[in-house]
Every structure is written in structure tokens, then in C-alpha cells.
Amino acid sequence: MELTKYGHACVKLTKGGKVLIIDPGMLTPPPDLLDEANAILITHEHFDHFDDERVLYTAKRDPRLTIYTCAAVADRLSAVKSQVQIVKDGDRLAVAGFDVSVIGKEHHVGRSSVPVVENVGFFIDQEVFHPGDALTLYPAPTLLLPTQAGWMTDADMIGYLQQVNPQRVFPIHDGGASDWRSDELETMLREEAERMGTVFMWLEPGDTVILPDGSLSTHLPEPLSDLQGIIDWETRKSRVTRKHSTRKTHG
């Protein structure tokens, strides 16, 4: 299974020629991304996870497309009601060749005054967990970790990583982070992951990793079969990247 990160909280999962896209929000390029989807999973209704106009447009163009989401999002997709399946915590579905478990019920509150909304996380193929805007505890081998958000602190983020204790962690939900903040988050998470013995990679939009049979493979040079080798290589690669490129600052 291939995992590709796109802007903010959006990821694409590819397996056997089938494509799942999770949380295509308004911070997510490119504009034609959804054309690839066999199914779309949406965790909750906030704009950075759900671009309703874009999803509606794609669904109307492709009547075979199915969208799996919570009731609140489904209400906003009434124009394509027949293509929407409402899911809830505890559901387990076969979606375009993927095994999808639905985990969680509500958006994390934390320090935010934003009203609580429905939020369903998705656990794909017993491997990758996308929690949406929640800190739902679930023993996933690969965690897509929310990072930059007004509803949680850095301590919340680190504590969540420690409690889930995944084999691999890939940060998401970073579309609002400045270059400086992105560097700070990457350093903080890399240090904690190394301490925990967890494989860590900070993926830029468009980066892809391969997760076959529950073990990490990516476009890595040989020999990097051991955990520490992967971590060390990623650390060196990150330092080189910092010298030769800068990230785009988001507002």
C-alpha cells in the first residue's frame, strides 16, 4: 500500500490500482486530485478537511464515486445523497478493496472554544490510522499525527504520540504552520520518535511512502533494513533538504 501526503490533512492511499483519498479540504492541492479517487473518506465538516464544492463537483462527474463520512458532512452532500454512506464509530467496511474501520466520535476540544462536532477516524487495512481532528487512542502500526492546531498544545501532540506508541509516525495537519513552526515541529517530533524507537518521516506534499505487509519501505538507498538506519538516513536527508530548499509559508 502506498501512502501519499497532500496539503494539510489530506492523504491518498493506493493499492492494487485502487485509490482512497482522506480529508480533501480547502488547503489541499492539486485541483484534479479527486479525479483519481475510487472512494473518499471525510472525518468531519471543517473546511480544512472537507471542501464541499470540490467534493460535490467530483461526485456529480463520477456517479461511481462513493463518499464515506459522518452524518454532519452527509447533510451537506444531499445533492449526491445516493453516493454518500454515513459511518459511525465501530463500523467496519470493505471500501474499494481496502479494509476500513471507523474509530472515534467527536472532534477533540482541548483548549479550543469551537463547538464540538462529529469526527470519525479511519483505520485502513489494519495499518494506517487517520484520526481527523481527534486524539483517539487506537493501537495503530502507522499513525498520521495531527500537529498544528488551535485545539491542542504541543504537550497534547507529544502525549498522544507516546500513548499510541506506533511503529511509524507521519505528521499531518500542518497547513497553517510557518516555515519556522514547521522546523520546530519536525525537530520536536523527530527527537521524541528517536527516543521512543519509532520510525519518523516529515512528508512534504506529494511525498510517498510504501507500507507493504505492515513494514516500512520507501525510496531509500541500501542498506537500510534496520530501524536506526532509516532514522539516521532520514535525519541526514532532512539536513540536506534544509540547506537547499525552503518551505512555502502558509497563512
# chains A, B, ... in the order shown; residues from 1 in each chain; ligands from 1

call {"tool": "residues_around", "arguments": {"residues": "range 137-143 of chain A", "least_positions_apart": "4", "cutoff": "12 Å", "atoms": "only C-alpha atoms", "output": "PyMOL selection string"}}
result
chain A and resi 3+101-105+108+121-132+147+157+159-172+193+198-201+209-216

call {"tool": "residues_around", "arguments": {"residues": "Ser82 in chain A", "least_positions_apart": "6", "cutoff": "12 Å", "atoms": "only C-alpha atoms", "output": "list in words"}}
result
Ala59, Lys60, Pro63, Arg64, Leu65, Thr66, Ile67, Tyr68, Ala74 and Asp75 of chain A

call {"tool": "select_by_dssp", "arguments": {"residues": "range 63-148 of chain A", "states": "strand (DSSP E)", "output": "ChimeraX atom specification"}}
result
/A:66-69,84-86,92-95,98-103,121-124,128-130,142-146

call {"tool": "closest_residue", "arguments": {"among": "A:Asp156, A:Asp99, A:Asp52, A:Asp91", "to": "Ser78 in chain A", "atoms": "only C-alpha atoms"}}
result
A:Asp52
